[in-house]
Structure formats: structure tokens, C-alpha cells
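Q: Here it is, the structure, as C-alpha cells.
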Amino acid sequence: MKRKNKSSFLPKRQKLGVFLLIGIGLGVVGTIITFVLYNHQTSVLPLKDNEIIMKQTISQSPKEYNSTKPKQLNFQSFNPNTITKAELLNFGLTQKQADNFVNYLKAGGKFKTKEDLRKLYFMTEDIYNQMSPYINIPKQTIRQSSNQQPAKENNYSQTSTTQSLIFDLNQADTLDLQAIRGIGTSYSKRIVKYRTLLGGYVSLEQLKEVFGMTDELYQKIIPFLKIENPNPKKLNINTFSIKELSAHPYIDFYLAKAIIKLRYDLKSYTSLQQVRQIHLLDQATYEKLLPYLEL
């Protein structure tokens, strides 16, 4: 009779269960160790390491970081009411900034206090902070400005200086227009944009057609504007397409279509007055449109 092996004191199924529990335990321990090691390796870098990385990034792209650095200007003591363009350029201002400053003065603008310089179109907080310690406004200048008498029949003051500075409406850019009191960034852009759509102004009255223009503002700015030798862009009614004609503010799609149809009926326009035959074209629109037409 065979003896049973003493080492096999547990049934076979129980042995398998023990081995399985041991394996699960080892797996859990291994997972915990791996998780702890991974978190330790990916922890946040110390402050010094972060600083080194930031310095390396800045050194690799100096333009990106230096672009935000304020420009250092070289101001000296000056009277903003008598400053010249050359002096402003020597201070380090750009051509456009100097033009805006001088045009404001030419249009009759006066600075009574340092804070008044903040009204300039180009003035940023950084430029003002650099400039303000050097601004010197004599008391006499302030007194003369306060004693000026307002012009008659107007709601705004007008000095001999403003009367001598008049901009050509077809030549002035947005900065020139902003030198006129009452015209800011938005109005100057609208005036120039409408000039482009028209092909050029032929009358100051057309300013009333600019979006947002009020009668009060119109009366305020026209003393400083003029139109010399108007030469508007012409619309050739014998060659232009419907799309080209309807791009003009005075011609909508239906009027453009009627102009083309009449041209087809006539074979060709021989006189600008022939467009008056179009029933869609009233007399007022015809008179406004006539300077922009050609054969």
C-alpha cells in the first residue's frame, strides 16, 4: 500500500486558490510602487529649474518678448503749445505721431494743463508717463487761451489759427481729419471710406451722406474743409457692367440694370442726358450722379 506524500496536505483546489491570492497581492503591490515612482518623476519642477527654462525660451525668441517693451523716448523740457515737428521727431516720436500733434495745434487746439495732452489721438499711457515730467506750459499761454472770444453764430471757438488751416477733403487722410475738433477715429475712417466709394467728393454737401453725420457736426467741421479742383473717378455708361455701376453709392442694382438696358436699346449712349429717360432716375439723383458719368 502506497503512502500519501506529506507535502500534499492541502487539496489541489485549495493550492490553486492560495497561489491566485498571492499573485493578486503581488500585482497590487507592484501597481502601487509604479504609481508612486511615476508621480515622483512628474512632479512640478523647482522654481530655479522653471526660471532656467524661461530664460532659455526668452533667449531663443528675443523679438517676441522685446516687442512688449515700451519704447524709450528722449524728452526735454518743452512748451506743447509752441513745439515744432522737428523737435517732436528728435524726442523719438514717429512721423505720424508728430504730424498728429502739430496738426492739432494748427487746427486751433490749445493745451491748458498737462492732462489736455491725453486728448491726442496717438497718446498712450506709456508715452504720457514719459512726457509729462517735461511738459512746461507758461501761465501767460493759459491766460491768452482763456481770454479768446468765441466766434459769432457758432457753437465752438474759432481762432485766427484755425481759419488759416483748411484741409482739402479729397486729399486729407484720417490723421489730418482727426486734427479737426469733432472728428475722431470713427468719423475720419467713414469720411475716407465714403470718398473711396464715391470716387472723390465734388461737394462738401456730400459729407451729410456719411453714415452717422449730424447737421450739428457738419456745420462745425465745414469751415476747416475745402474741395479744390475736384476730379472724381468716372463711370463709363457705354462700357461698365451692372456690377461696376451698382458699386457706386448713387446707383443700386435696378438703376444699373436700367442703364444697361437703355444702352442696349440705343445701341450706344451719345449724350449723358439720355440717362434721364430712365424712369427710376429722379432729378435729384441725376444731378448728383452726373459729375461721375462719362461716355
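Naming works like this for the C-alpha cells: A, B, ... for the chains as they're shown, residue 1 at the start of each chain, ligands 1 onward in shown order.
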Compile the contact shell of Val102 of chain A as a PDB file with N, CA and C atoms, in the first residue's frame: residues with an atom at most 10 Å away, counting only C-alpha atoms, same-chain residues fewer than 3 positions apart removed.
A:
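This went into around34.pdb:
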ATOM      1  N   PRO A  80       4.157 122.545 -25.009  1.00  0.00           N
ATOM      2  CA  PRO A  80       3.381 121.825 -26.025  1.00  0.00           C
ATOM      3  C   PRO A  80       2.604 122.748 -26.962  1.00  0.00           C
ATOM      4  N   ASN A  81       2.407 124.015 -26.583  1.00  0.00           N
ATOM      5  CA  ASN A  81       1.673 124.954 -27.426  1.00  0.00           C
ATOM      6  C   ASN A  81       2.546 125.619 -28.478  1.00  0.00           C
ATOM      7  N   THR A  82       3.870 125.440 -28.376  1.00  0.00           N
ATOM      8  CA  THR A  82       4.779 126.056 -29.352  1.00  0.00           C
ATOM      9  C   THR A  82       5.753 125.049 -29.950  1.00  0.00           C
ATOM     10  N   ILE A  83       5.589 123.775 -29.606  1.00  0.00           N
ATOM     11  CA  ILE A  83       6.511 122.740 -30.067  1.00  0.00           C
ATOM     12  C   ILE A  83       6.461 122.609 -31.592  1.00  0.00           C
ATOM     13  N   THR A  84       7.579 122.270 -32.217  1.00  0.00           N
ATOM     14  CA  THR A  84       7.636 122.075 -33.665  1.00  0.00           C
ATOM     15  C   THR A  84       7.724 120.590 -33.994  1.00  0.00           C
ATOM     16  N   LYS A  85       7.456 120.280 -35.228  1.00  0.00           N
ATOM     17  CA  LYS A  85       7.507 118.890 -35.669  1.00  0.00           C
ATOM     18  C   LYS A  85       8.920 118.330 -35.545  1.00  0.00           C
ATOM     19  N   LEU A  88       9.645 117.336 -32.009  1.00  0.00           N
ATOM     20  CA  LEU A  88       8.936 116.103 -31.647  1.00  0.00           C
ATOM     21  C   LEU A  88       9.639 114.878 -32.207  1.00  0.00           C
ATOM     22  N   LYS A  96       4.020 109.981 -37.972  1.00  0.00           N
ATOM     23  CA  LYS A  96       2.572 110.142 -37.839  1.00  0.00           C
ATOM     24  C   LYS A  96       2.201 110.778 -36.499  1.00  0.00           C
ATOM     25  N   GLN A  97       2.895 110.371 -35.440  1.00  0.00           N
ATOM     26  CA  GLN A  97       2.610 110.944 -34.128  1.00  0.00           C
ATOM     27  C   GLN A  97       2.932 112.437 -34.110  1.00  0.00           C
ATOM     28  N   ALA A  98       4.073 112.812 -34.712  1.00  0.00           N
ATOM     29  CA  ALA A  98       4.449 114.227 -34.761  1.00  0.00           C
ATOM     30  C   ALA A  98       3.457 115.019 -35.609  1.00  0.00           C
ATOM     31  N   ASP A  99       3.015 114.442 -36.723  1.00  0.00           N
ATOM     32  CA  ASP A  99       2.030 115.119 -37.580  1.00  0.00           C
ATOM     33  C   ASP A  99       0.729 115.347 -36.827  1.00  0.00           C
ATOM     34  N   LEU A 105      -2.415 121.428 -33.150  1.00  0.00           N
ATOM     35  CA  LEU A 105      -2.110 122.830 -32.841  1.00  0.00           C
ATOM     36  C   LEU A 105      -2.545 123.749 -33.977  1.00  0.00           C
ATOM     37  N   LYS A 106      -2.294 123.327 -35.227  1.00  0.00           N
ATOM     38  CA  LYS A 106      -2.654 124.150 -36.375  1.00  0.00           C
ATOM     39  C   LYS A 106      -4.168 124.342 -36.486  1.00  0.00           C
ATOM     40  N   ALA A 107      -4.908 123.335 -36.009  1.00  0.00           N
ATOM     41  CA  ALA A 107      -6.370 123.417 -36.071  1.00  0.00           C
ATOM     42  C   ALA A 107      -6.956 124.231 -34.926  1.00  0.00           C
ATOM     43  N   GLY A 109      -6.069 123.846 -31.575  1.00  0.00           N
ATOM     44  CA  GLY A 109      -6.029 123.187 -30.286  1.00  0.00           C
ATOM     45  C   GLY A 109      -5.043 123.852 -29.338  1.00  0.00           C
ATOM     46  N   ALA A 179      -7.449 116.027 -36.763  1.00  0.00           N
ATOM     47  CA  ALA A 179      -6.963 117.286 -36.203  1.00  0.00           C
ATOM     48  C   ALA A 179      -8.085 118.312 -36.082  1.00  0.00           C
TER      49      ALA A 179
END
Q: Restricting the calculation to only C-alpha atoms: of A:Lys189, A:Lys71, A:Lys267, A:Arg118, which residue gets closest to Val210 of chain A?
A: A:Lys189
Q: Suppose you want the space between atom CA of Val202 of chain A and atom CA of Pro230 of chain A; what is it in Å?
A: 5.5 Å
Q: Just how far from atom CA of Tyr292 of chain A is atom CA of Val192 of chain A, in Å to one decimal?
A: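 About the pair atom CA of Val192 of chain A and atom CA of Tyr292 of chain A: they are 17.6 Å apart.
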Q: Hey, which of A:Tyr269, A:Tyr194, A:Tyr218, A:Phe167 ends up closest to Pro249 of chain A? Count only C-alpha atoms.
A: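 Closest to Pro249 of chain A of all the choices is A:Tyr194.
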Q: Could you give me, as a ChimeraX atom specification, the residues within 8 Å of Thr113 of chain A, counting only C-alpha atoms and dropping anything in the same chain fewer than 3 positions from it?
A: /A:116-117,137
Q: Could you pull out the residues in segment 53-292 of chain A that DSSP calls strand (DSSP E) from the backbone, as a PyMOL selection string?
A: chain A and resi 167-168+225-226+235-236
Q: Could you dump the residues just selected with C-alpha atoms as a PDB file, in the first residue's frame?
A:
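Wrote out.pdb, looks like this:
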ATOM      1  CA  PHE A 167      -7.855 120.627 -45.393  1.00  0.00           C
ATOM      2  CA  ASP A 168      -8.759 119.514 -48.903  1.00  0.00           C
ATOM      3  CA  LEU A 225     -12.594 121.771 -45.212  1.00  0.00           C
ATOM      4  CA  LYS A 226     -12.472 122.663 -48.902  1.00  0.00           C
ATOM      5  CA  LEU A 235     -18.303 105.689 -64.666  1.00  0.00           C
ATOM      6  CA  ASN A 236     -18.382 104.935 -68.383  1.00  0.00           C
TER       7      ASN A 236
END
Q: Could you check how far atom CA of Lys112 of chain A sits from atom CA of Lys139 of chain A, in Å to one decimal?
A: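 Computing it gives 8.8 Å between the two atoms.
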Q: Can you check which residues of segment 185-294 of chain A DSSP gives as alpha helix (DSSP H) on the backbone and send them as a PyMOL selection string?
A: chain A and resi 185-198+215-221+242-246+253-266+283-289
Q: For N, CA and C atoms, I'd like the residues from the last selection saved as a short mmCIF file (atom, residue, chain, number, x, y, z; two decimals), in the first residue's frame.
A:
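Dumped to part.cif:
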data_model
loop_
_atom_site.label_atom_id
_atom_site.label_comp_id
_atom_site.auth_asym_id
_atom_site.auth_seq_id
_atom_site.Cartn_x
_atom_site.Cartn_y
_atom_site.Cartn_z
N THR A 185 -11.67 108.99 -34.51
CA THR A 185 -11.20 107.87 -35.32
C THR A 185 -12.31 107.32 -36.23
N SER A 186 -13.49 107.10 -35.68
CA SER A 186 -14.59 106.51 -36.46
C SER A 186 -15.04 107.41 -37.59
N TYR A 187 -15.27 108.70 -37.29
CA TYR A 187 -15.74 109.62 -38.34
C TYR A 187 -14.70 109.78 -39.44
N SER A 188 -13.42 109.87 -39.07
CA SER A 188 -12.38 110.06 -40.08
C SER A 188 -12.33 108.86 -41.04
N LYS A 189 -12.49 107.66 -40.49
CA LYS A 189 -12.48 106.45 -41.33
C LYS A 189 -13.71 106.42 -42.24
N ARG A 190 -14.87 106.82 -41.72
CA ARG A 190 -16.09 106.81 -42.54
C ARG A 190 -16.00 107.82 -43.67
N ILE A 191 -15.44 109.00 -43.38
CA ILE A 191 -15.32 110.05 -44.41
C ILE A 191 -14.41 109.58 -45.54
N VAL A 192 -13.28 108.97 -45.18
CA VAL A 192 -12.34 108.48 -46.20
C VAL A 192 -12.93 107.30 -46.98
N LYS A 193 -13.63 106.41 -46.27
CA LYS A 193 -14.24 105.25 -46.94
C LYS A 193 -15.31 105.69 -47.93
N TYR A 194 -16.14 106.66 -47.54
CA TYR A 194 -17.20 107.13 -48.44
C TYR A 194 -16.59 107.85 -49.64
N ARG A 195 -15.47 108.55 -49.43
CA ARG A 195 -14.77 109.21 -50.54
C ARG A 195 -14.32 108.17 -51.57
N THR A 196 -13.84 107.02 -51.07
CA THR A 196 -13.40 105.94 -51.97
C THR A 196 -14.58 105.37 -52.75
N LEU A 197 -15.70 105.16 -52.08
CA LEU A 197 -16.89 104.62 -52.75
C LEU A 197 -17.40 105.57 -53.82
N LEU A 198 -17.39 106.86 -53.52
CA LEU A 198 -17.86 107.85 -54.49
C LEU A 198 -16.91 107.98 -55.67
N ASP A 215 -26.24 117.15 -38.48
CA ASP A 215 -26.19 118.51 -39.01
C ASP A 215 -25.31 119.39 -38.12
N GLU A 216 -25.35 119.14 -36.82
CA GLU A 216 -24.53 119.93 -35.89
C GLU A 216 -23.04 119.73 -36.17
N LEU A 217 -22.63 118.46 -36.34
CA LEU A 217 -21.21 118.19 -36.62
C LEU A 217 -20.82 118.72 -37.99
N TYR A 218 -21.71 118.58 -38.96
CA TYR A 218 -21.43 119.09 -40.31
C TYR A 218 -21.14 120.59 -40.27
N GLN A 219 -22.00 121.35 -39.60
CA GLN A 219 -21.80 122.80 -39.50
C GLN A 219 -20.52 123.14 -38.76
N LYS A 220 -20.11 122.27 -37.87
CA LYS A 220 -18.92 122.52 -37.05
C LYS A 220 -17.62 122.31 -37.83
N ILE A 221 -17.60 121.35 -38.77
CA ILE A 221 -16.34 120.99 -39.43
C ILE A 221 -16.14 121.61 -40.80
N ILE A 242 -23.10 95.90 -64.97
CA ILE A 242 -24.05 96.15 -63.88
C ILE A 242 -23.32 96.15 -62.53
N LYS A 243 -22.41 95.23 -62.35
CA LYS A 243 -21.67 95.14 -61.08
C LYS A 243 -20.86 96.40 -60.84
N GLU A 244 -20.19 96.90 -61.86
CA GLU A 244 -19.35 98.09 -61.71
C GLU A 244 -20.21 99.33 -61.43
N LEU A 245 -21.32 99.45 -62.12
CA LEU A 245 -22.18 100.61 -61.93
C LEU A 245 -22.84 100.61 -60.54
N SER A 246 -23.31 99.44 -60.12
CA SER A 246 -24.03 99.35 -58.85
C SER A 246 -23.11 99.47 -57.64
N PHE A 253 -28.84 98.26 -57.82
CA PHE A 253 -28.84 97.22 -58.84
C PHE A 253 -29.87 97.50 -59.94
N TYR A 254 -31.06 97.95 -59.55
CA TYR A 254 -32.13 98.14 -60.52
C TYR A 254 -31.84 99.32 -61.46
N LEU A 255 -31.24 100.37 -60.91
CA LEU A 255 -30.87 101.50 -61.76
C LEU A 255 -29.73 101.11 -62.70
N ALA A 256 -28.78 100.33 -62.21
CA ALA A 256 -27.68 99.87 -63.06
C ALA A 256 -28.22 99.00 -64.20
N LYS A 257 -29.17 98.16 -63.87
CA LYS A 257 -29.78 97.30 -64.88
C LYS A 257 -30.52 98.14 -65.93
N ALA A 258 -31.22 99.19 -65.49
CA ALA A 258 -31.94 100.06 -66.41
C ALA A 258 -30.98 100.83 -67.31
N ILE A 259 -29.84 101.24 -66.79
CA ILE A 259 -28.83 101.95 -67.60
C ILE A 259 -28.31 101.04 -68.70
N ILE A 260 -28.06 99.78 -68.36
CA ILE A 260 -27.57 98.81 -69.35
C ILE A 260 -28.64 98.53 -70.40
N LYS A 261 -29.87 98.40 -69.98
CA LYS A 261 -30.96 98.11 -70.92
C LYS A 261 -31.14 99.26 -71.91
N LEU A 262 -31.13 100.51 -71.40
CA LEU A 262 -31.27 101.65 -72.30
C LEU A 262 -30.09 101.73 -73.25
N ARG A 263 -28.91 101.38 -72.78
CA ARG A 263 -27.74 101.37 -73.67
C ARG A 263 -27.93 100.36 -74.79
N TYR A 264 -28.52 99.22 -74.46
CA TYR A 264 -28.78 98.20 -75.46
C TYR A 264 -29.82 98.70 -76.48
N ASP A 265 -30.85 99.39 -75.98
CA ASP A 265 -31.89 99.91 -76.87
C ASP A 265 -31.35 101.00 -77.80
N LEU A 266 -30.47 101.84 -77.25
CA LEU A 266 -29.92 102.95 -78.04
C LEU A 266 -28.73 102.53 -78.89
N GLN A 283 -34.74 113.51 -60.62
CA GLN A 283 -33.92 114.67 -60.96
C GLN A 283 -32.80 114.90 -59.94
N ALA A 284 -33.11 114.74 -58.68
CA ALA A 284 -32.09 114.98 -57.64
C ALA A 284 -30.94 114.00 -57.76
N THR A 285 -31.26 112.72 -57.94
CA THR A 285 -30.21 111.71 -58.09
C THR A 285 -29.43 111.92 -59.37
N TYR A 286 -30.12 112.31 -60.44
CA TYR A 286 -29.46 112.58 -61.72
C TYR A 286 -28.42 113.69 -61.57
N GLU A 287 -28.76 114.76 -60.87
CA GLU A 287 -27.84 115.87 -60.71
C GLU A 287 -26.63 115.48 -59.85
N LYS A 288 -26.85 114.65 -58.84
CA LYS A 288 -25.74 114.20 -58.01
C LYS A 288 -24.83 113.22 -58.78
N LEU A 289 -25.46 112.42 -59.65
CA LEU A 289 -24.72 111.37 -60.36
C LEU A 289 -23.96 111.89 -61.57
#
